[in-house]
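Data first, discussion second: the structure below is written as structure tokens.
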Amino acid sequence: MNTSPRRQPPVPGPDQPVRFPAVTRFRLPNGLAVWFVERGQLPFVSVALHVPAGSAIDPINLPGVAAFTADMLDEGAAGRSAIEIQETLGRLGTTLDIEAGSDAVLLSFSVLPQHARDACALVADVVMRPALTAGDFERVRTLRSNRVRQLRNSPAAVADQAFVQAVFGTHPYGHQPWGLTQAIERMRLEDVVRVHQTAYHPASCALIVVGSLAAAEVADMAESAFGAWESGSDPISDAGRGLTPSSTASRLLLVDRPGAAQTELRIGHASVGRRTPDYHALVLLNAMLGGQFVSRINLNLREQKAYTYGAHTAFDFRRAAGAFVLQTSVQTDATTDAIRESLSEIAAIGSERPPTANEIEFGRATLARGYARNFETTGQIARALAQLATHDLPDDTFDRFVPGVNAVQANELRTAARRHLRPDELIVVAVGDRAAIEAGLPTLGLGAPVVTTVEV
């Protein structure tokens, strides 16, 4: 018997195709879209209601009002108090998650199939008939104000806000979904009521159901729960999503945190939305630049220079526009060098050091061979469908991901890097000890740092 150790690792087999399950679609008479995926392997159902009412609809003078409205939904509805809603959800063996993002609000729950109908009816009450009382409004306002104030002590939160504000300016993407303290304090109940009346209407929403139900059961459940939902008289327009983001005139912003042992960094610029034809090339390019542990930027800043515990980059794809951003926290005394190395790596991948064949092969493997894990559960499939709804993507989007990444060629990566990574437009946000870091920043060639404060 041969007991010698294997001299060569086993050769990986070919990538297996990902087949996203078929989606059954129909609409209720009131216009509500219903998307259903039957998954009968386990007795479980995941439901998500997609409402295109994220912070992108916030008026310029009320940043955060869309998220505030979402927060109010389960504070009482259809004669039930907030406590009674939670008790009912508990008896049904589920919880209701309400998430407010930049482009959408998502209400989701997972439940045993025998309780799906009752849970769906409860969520319909929350969406269609929220109480929106003055007492609940003041209590939620106090909670939200306190949470946002706490973020002032978080360098990461301050850096994130400073970055999106610098990149997107007065566009609704220029603030975090939770809003700003001063705006929350001047909001009134009628502002929340107005958002609910204009943004929450069935013709713009999608009810997503994934699990062990039959299509006829889903249709009956949807009609029973949401059939009485009427459209608002003046729905919020989608036109604002197409606004061109504005950007700051300064490329180097410094937020002072006296005595900070680390500097929180954000480096990036405005970029493209999710529907860009270059999507697969950008995802692969980002994997090599800063999207995985063995990426160029992480190996440089962490492994070679020991400036940080970790650094990563991302293309933050949104519906109308996005941003390319590098995020890291570095030792205070390494701030200037870390920025210089980051700028150099971003510039080099589109010029003198384009992706190598080995980097491309490893990036493809990283993205493709674990991709199927994104669709293992009913909840994951429901959230994937919510992505399709948010970005208005075709049903075969996930089927095309692995072939799309594998088809990207080296010349396409170079073209994508030159087109979408613009070194001369990179904005640097540094949140750290001004006294310790300011003197070195002018050597970066970005001009004198602009010391600023950030409203959170």
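Following the order of the structure tokens, chains are lettered A, B, ..., residues in each are numbered from 1, and ligands are numbered from 1.
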With only C-alpha atoms as the counted atoms, please give the residues lying no more than 8 Å from A:Gly322, apart from itself and same-chain residues fewer than 4 positions off, as a compact mmCIF listing (two decimals) with N, CA and C atoms, in the first residue's frame.
# COMPACT_ATOMS: atom_id res chain seq x y z
N ALA A 270 -17.11 58.94 -6.73
CA ALA A 270 -18.38 58.50 -7.29
C ALA A 270 -18.14 57.47 -8.38
N SER A 271 -19.09 56.55 -8.52
CA SER A 271 -18.93 55.50 -9.51
C SER A 271 -20.29 55.19 -10.14
N VAL A 272 -20.43 53.98 -10.64
CA VAL A 272 -21.61 53.62 -11.43
C VAL A 272 -22.61 52.84 -10.59
N GLY A 273 -23.84 52.76 -11.10
CA GLY A 273 -24.89 51.99 -10.45
C GLY A 273 -24.79 50.51 -10.80
N ARG A 274 -25.69 49.74 -10.20
CA ARG A 274 -25.65 48.28 -10.34
C ARG A 274 -25.87 47.80 -11.77
N PHE A 315 -17.01 48.38 -4.68
CA PHE A 315 -17.87 49.21 -5.49
C PHE A 315 -19.26 49.12 -4.86
N ASP A 316 -19.68 50.21 -4.24
CA ASP A 316 -20.98 50.26 -3.56
C ASP A 316 -22.04 50.57 -4.61
N PHE A 317 -22.53 49.52 -5.25
CA PHE A 317 -23.50 49.70 -6.33
C PHE A 317 -24.87 50.07 -5.75
N ARG A 318 -25.43 51.15 -6.25
CA ARG A 318 -26.79 51.53 -5.89
C ARG A 318 -27.61 51.66 -7.15
A:Leu282 environment, 10 Å, only C-alpha atoms, sequence neighbours closer than 6 positions dropped, as an MDAnalysis selection string:
chainID A and resid 276 288 314:315 405 408 412:413 416:417 420:421
List the spatial neighbours of stretch 137-142 of chain A as a PDB file with C-alpha atoms, in the first residue's frame - criterion: any atom at most 12 Å away, only C-alpha atoms, same-chain residues fewer than 3 positions off excluded.
ATOM      1  CA  GLY A  64     -33.649  60.282   7.422  1.00  0.00           C
ATOM      2  CA  VAL A  65     -37.413  60.693   7.174  1.00  0.00           C
ATOM      3  CA  ALA A  67     -36.041  55.406   7.614  1.00  0.00           C
ATOM      4  CA  PHE A  68     -37.977  57.134  10.398  1.00  0.00           C
ATOM      5  CA  THR A  69     -41.212  56.165   8.633  1.00  0.00           C
ATOM      6  CA  ALA A  70     -40.085  52.554   8.353  1.00  0.00           C
ATOM      7  CA  ASP A  71     -39.229  52.589  12.054  1.00  0.00           C
ATOM      8  CA  MET A  72     -42.785  53.675  12.869  1.00  0.00           C
ATOM      9  CA  LEU A  73     -44.551  50.881  11.024  1.00  0.00           C
ATOM     10  CA  ASP A  74     -44.555  48.284  13.806  1.00  0.00           C
ATOM     11  CA  GLU A  75     -45.117  50.770  16.636  1.00  0.00           C
ATOM     12  CA  GLY A  76     -48.814  49.969  16.459  1.00  0.00           C
ATOM     13  CA  ALA A  82     -46.336  47.599  19.473  1.00  0.00           C
ATOM     14  CA  PRO A 130     -49.897  51.726  10.893  1.00  0.00           C
ATOM     15  CA  ALA A 131     -51.171  53.760  13.818  1.00  0.00           C
ATOM     16  CA  LEU A 132     -48.641  56.608  13.427  1.00  0.00           C
ATOM     17  CA  THR A 133     -49.658  58.269  16.691  1.00  0.00           C
ATOM     18  CA  ALA A 134     -48.079  61.367  18.222  1.00  0.00           C
ATOM     19  CA  SER A 145     -31.843  60.885  18.152  1.00  0.00           C
ATOM     20  CA  ASN A 146     -29.988  59.094  20.931  1.00  0.00           C
ATOM     21  CA  ARG A 147     -28.739  56.380  18.569  1.00  0.00           C
ATOM     22  CA  VAL A 148     -27.493  58.887  16.026  1.00  0.00           C
ATOM     23  CA  ARG A 149     -25.794  60.966  18.733  1.00  0.00           C
ATOM     24  CA  TRP A 178     -30.747  56.918   9.454  1.00  0.00           C
ATOM     25  CA  GLY A 179     -30.373  60.632   8.796  1.00  0.00           C
ATOM     26  CA  LEU A 180     -28.884  63.473  10.799  1.00  0.00           C
ATOM     27  CA  THR A 181     -29.606  64.592  14.350  1.00  0.00           C
ATOM     28  CA  GLN A 182     -30.809  68.092  13.483  1.00  0.00           C
ATOM     29  CA  ALA A 183     -33.160  66.766  10.815  1.00  0.00           C
ATOM     30  CA  ILE A 184     -34.601  64.167  13.172  1.00  0.00           C
ATOM     31  CA  GLU A 185     -35.247  66.855  15.780  1.00  0.00           C
ATOM     32  CA  ARG A 186     -37.182  69.052  13.347  1.00  0.00           C
ATOM     33  CA  MET A 187     -39.279  66.244  11.862  1.00  0.00           C
ATOM     34  CA  ARG A 188     -42.986  66.263  12.581  1.00  0.00           C
ATOM     35  CA  LEU A 189     -45.541  63.489  12.611  1.00  0.00           C
ATOM     36  CA  GLU A 190     -47.122  64.885   9.454  1.00  0.00           C
ATOM     37  CA  ASP A 191     -43.798  64.358   7.633  1.00  0.00           C
ATOM     38  CA  VAL A 192     -43.914  60.652   8.437  1.00  0.00           C
ATOM     39  CA  VAL A 193     -47.597  60.427   7.513  1.00  0.00           C
TER      40      VAL A 193
END
Spatial neighbours of A:Leu253, 8 Å, only C-alpha atoms, chain gap at least 6 places, as a compact mmCIF listing (two decimals) with C-alpha atoms, in the first residue's frame:
# COMPACT_ATOMS: atom_id res chain seq x y z
CA ILE A 427 -11.20 61.88 -2.28
CA VAL A 428 -9.46 61.09 1.01
CA VAL A 429 -11.27 61.35 4.35
CA ALA A 430 -9.10 61.00 7.45
CA PRO A 449 -6.02 69.25 4.01
CA VAL A 450 -9.36 70.88 4.73
CA VAL A 451 -10.21 70.50 8.40
CA THR A 452 -13.93 69.94 8.66
Do you know which residues are at most 7 Å from A:Leu426 counting only C-alpha atoms, after dropping those on the same chain fewer than 6 positions away, and could you put them as a ChimeraX atom specification?
/A:251,267-269
Residue neighbourhood A:Phe26, 9 Å, only C-alpha atoms, exclusion window fewer than 4 positions, as an NGL selection string
:A and (32-36 or 219)
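Rounded to one decimal, atom CA of A:Arg400 and atom CA of A:Val210 lie 21.0 Å from each other.
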Can you list, as JSON, numbers by chain, every residue of stretch 29-258 of chain A that DSSP puts in strand (DSSP E or B)?
{"A": [33, 34, 35, 36, 37, 38, 45, 46, 47, 48, 49, 50, 51, 76, 77, 80, 81, 97, 98, 99, 100, 105, 106, 107, 108, 109, 110, 111, 130, 206, 207, 208, 209, 210, 211, 252, 253, 254, 255, 256]}
Residues from last step as file, N, CA and C atoms, as a compact mmCIF listing (two decimals), in the first residue's frame:
# COMPACT_ATOMS: atom_id res chain seq x y z
N ALA A 33 -47.07 43.45 -7.06
CA ALA A 33 -46.38 42.33 -7.70
C ALA A 33 -46.14 41.24 -6.67
N VAL A 34 -46.38 40.00 -7.06
CA VAL A 34 -46.13 38.85 -6.20
C VAL A 34 -45.15 37.93 -6.92
N TRP A 35 -44.01 37.66 -6.25
CA TRP A 35 -42.98 36.77 -6.79
C TRP A 35 -42.90 35.55 -5.90
N PHE A 36 -42.96 34.39 -6.49
CA PHE A 36 -43.00 33.16 -5.71
C PHE A 36 -41.99 32.15 -6.22
N VAL A 37 -41.22 31.57 -5.29
CA VAL A 37 -40.30 30.47 -5.60
C VAL A 37 -40.68 29.31 -4.69
N GLU A 38 -41.01 28.19 -5.28
CA GLU A 38 -41.38 27.02 -4.49
C GLU A 38 -40.13 26.23 -4.10
N VAL A 45 -41.04 28.84 5.23
CA VAL A 45 -41.41 29.88 4.27
C VAL A 45 -40.75 31.19 4.68
N SER A 46 -40.14 31.86 3.73
CA SER A 46 -39.59 33.20 3.95
C SER A 46 -40.36 34.18 3.08
N VAL A 47 -40.73 35.29 3.69
CA VAL A 47 -41.54 36.30 3.01
C VAL A 47 -40.84 37.65 3.16
N ALA A 48 -40.81 38.42 2.09
CA ALA A 48 -40.23 39.76 2.13
C ALA A 48 -41.12 40.70 1.32
N LEU A 49 -41.41 41.83 1.89
CA LEU A 49 -42.13 42.87 1.15
C LEU A 49 -41.13 43.97 0.80
N HIS A 50 -40.95 44.17 -0.50
CA HIS A 50 -40.00 45.17 -1.00
C HIS A 50 -40.75 46.45 -1.30
N VAL A 51 -40.34 47.54 -0.64
CA VAL A 51 -40.96 48.85 -0.82
C VAL A 51 -39.88 49.82 -1.29
N GLY A 76 -47.37 50.06 16.26
CA GLY A 76 -48.81 49.97 16.46
C GLY A 76 -49.50 49.95 15.11
N ALA A 77 -50.48 49.05 14.94
CA ALA A 77 -51.16 48.95 13.65
C ALA A 77 -52.48 48.22 13.81
N ARG A 80 -53.68 47.14 17.18
CA ARG A 80 -52.70 46.47 18.06
C ARG A 80 -51.62 47.47 18.47
N SER A 81 -51.17 47.35 19.69
CA SER A 81 -50.03 48.14 20.15
C SER A 81 -48.75 47.48 19.67
N ASP A 97 -38.34 41.68 10.62
CA ASP A 97 -37.20 42.57 10.41
C ASP A 97 -37.61 43.67 9.43
N ILE A 98 -37.33 44.91 9.81
CA ILE A 98 -37.60 46.05 8.94
C ILE A 98 -36.29 46.78 8.69
N GLU A 99 -35.82 46.77 7.46
CA GLU A 99 -34.54 47.37 7.10
C GLU A 99 -34.77 48.51 6.11
N ALA A 100 -34.21 49.65 6.42
CA ALA A 100 -34.30 50.80 5.53
C ALA A 100 -32.92 51.09 4.95
N VAL A 105 -36.98 49.83 1.37
CA VAL A 105 -37.29 49.30 2.69
C VAL A 105 -37.72 47.85 2.49
N LEU A 106 -37.21 46.96 3.33
CA LEU A 106 -37.53 45.55 3.21
C LEU A 106 -38.09 45.06 4.55
N LEU A 107 -39.30 44.54 4.51
CA LEU A 107 -39.91 43.91 5.67
C LEU A 107 -39.89 42.41 5.44
N SER A 108 -39.30 41.65 6.34
CA SER A 108 -39.12 40.22 6.08
C SER A 108 -39.32 39.40 7.33
N PHE A 109 -39.76 38.16 7.11
CA PHE A 109 -39.89 37.19 8.20
C PHE A 109 -39.81 35.79 7.62
N SER A 110 -39.51 34.83 8.47
CA SER A 110 -39.50 33.41 8.10
C SER A 110 -40.34 32.66 9.12
N VAL A 111 -41.10 31.68 8.66
CA VAL A 111 -42.11 31.07 9.52
C VAL A 111 -42.45 29.67 9.01
N PRO A 130 -50.66 51.37 9.69
CA PRO A 130 -49.90 51.73 10.89
C PRO A 130 -50.61 52.83 11.67
N ALA A 206 -43.30 44.85 -4.14
CA ALA A 206 -43.26 43.43 -4.53
C ALA A 206 -43.31 42.57 -3.28
N LEU A 207 -44.24 41.63 -3.26
CA LEU A 207 -44.32 40.63 -2.19
C LEU A 207 -43.58 39.39 -2.66
N ILE A 208 -42.53 39.02 -1.94
CA ILE A 208 -41.66 37.91 -2.32
C ILE A 208 -41.90 36.76 -1.35
N VAL A 209 -42.23 35.59 -1.88
CA VAL A 209 -42.52 34.41 -1.05
C VAL A 209 -41.67 33.25 -1.55
N VAL A 210 -40.92 32.63 -0.64
CA VAL A 210 -40.05 31.51 -0.99
C VAL A 210 -40.28 30.40 0.04
N GLY A 211 -40.62 29.20 -0.44
CA GLY A 211 -40.75 28.12 0.52
C GLY A 211 -41.74 27.05 0.12
N LEU A 252 -8.95 66.29 0.09
CA LEU A 252 -8.35 65.80 1.32
C LEU A 252 -9.06 66.44 2.51
N LEU A 253 -9.87 65.66 3.19
CA LEU A 253 -10.67 66.15 4.30
C LEU A 253 -10.17 65.53 5.60
N LEU A 254 -10.04 66.35 6.62
CA LEU A 254 -9.53 65.90 7.91
C LEU A 254 -10.55 66.23 8.99
N VAL A 255 -10.97 65.22 9.71
CA VAL A 255 -11.86 65.39 10.86
C VAL A 255 -11.04 65.12 12.11
N ASP A 256 -10.96 66.11 12.98
CA ASP A 256 -10.07 66.02 14.14
C ASP A 256 -10.68 65.19 15.26
Give me the residues within 12 Å of A:Glu361 as number ranges by chain, counting only C-alpha atoms and dropping any in the same chain fewer than 6 places off.
A: 284-285, 287-288, 355, 367-369, 405-410
I need the helix (DSSP H, G or I) residues of stretch 178-272 of chain A per DSSP on the backbone, written as a VMD selection string.
chain A and resid 181 to 186 189 to 199 202 to 204 215 to 226 239 to 242
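Distances from A:Ala214, A:Leu388, A:Ala281, A:Val164 to A:Val402 were compared using only C-alpha atoms, and the smallest one belongs to A:Ala281.
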Figure out the distance between atom CA of A:Glu303 and atom CA of A:Pro354, please, to one decimal in Å.
20.7 Å
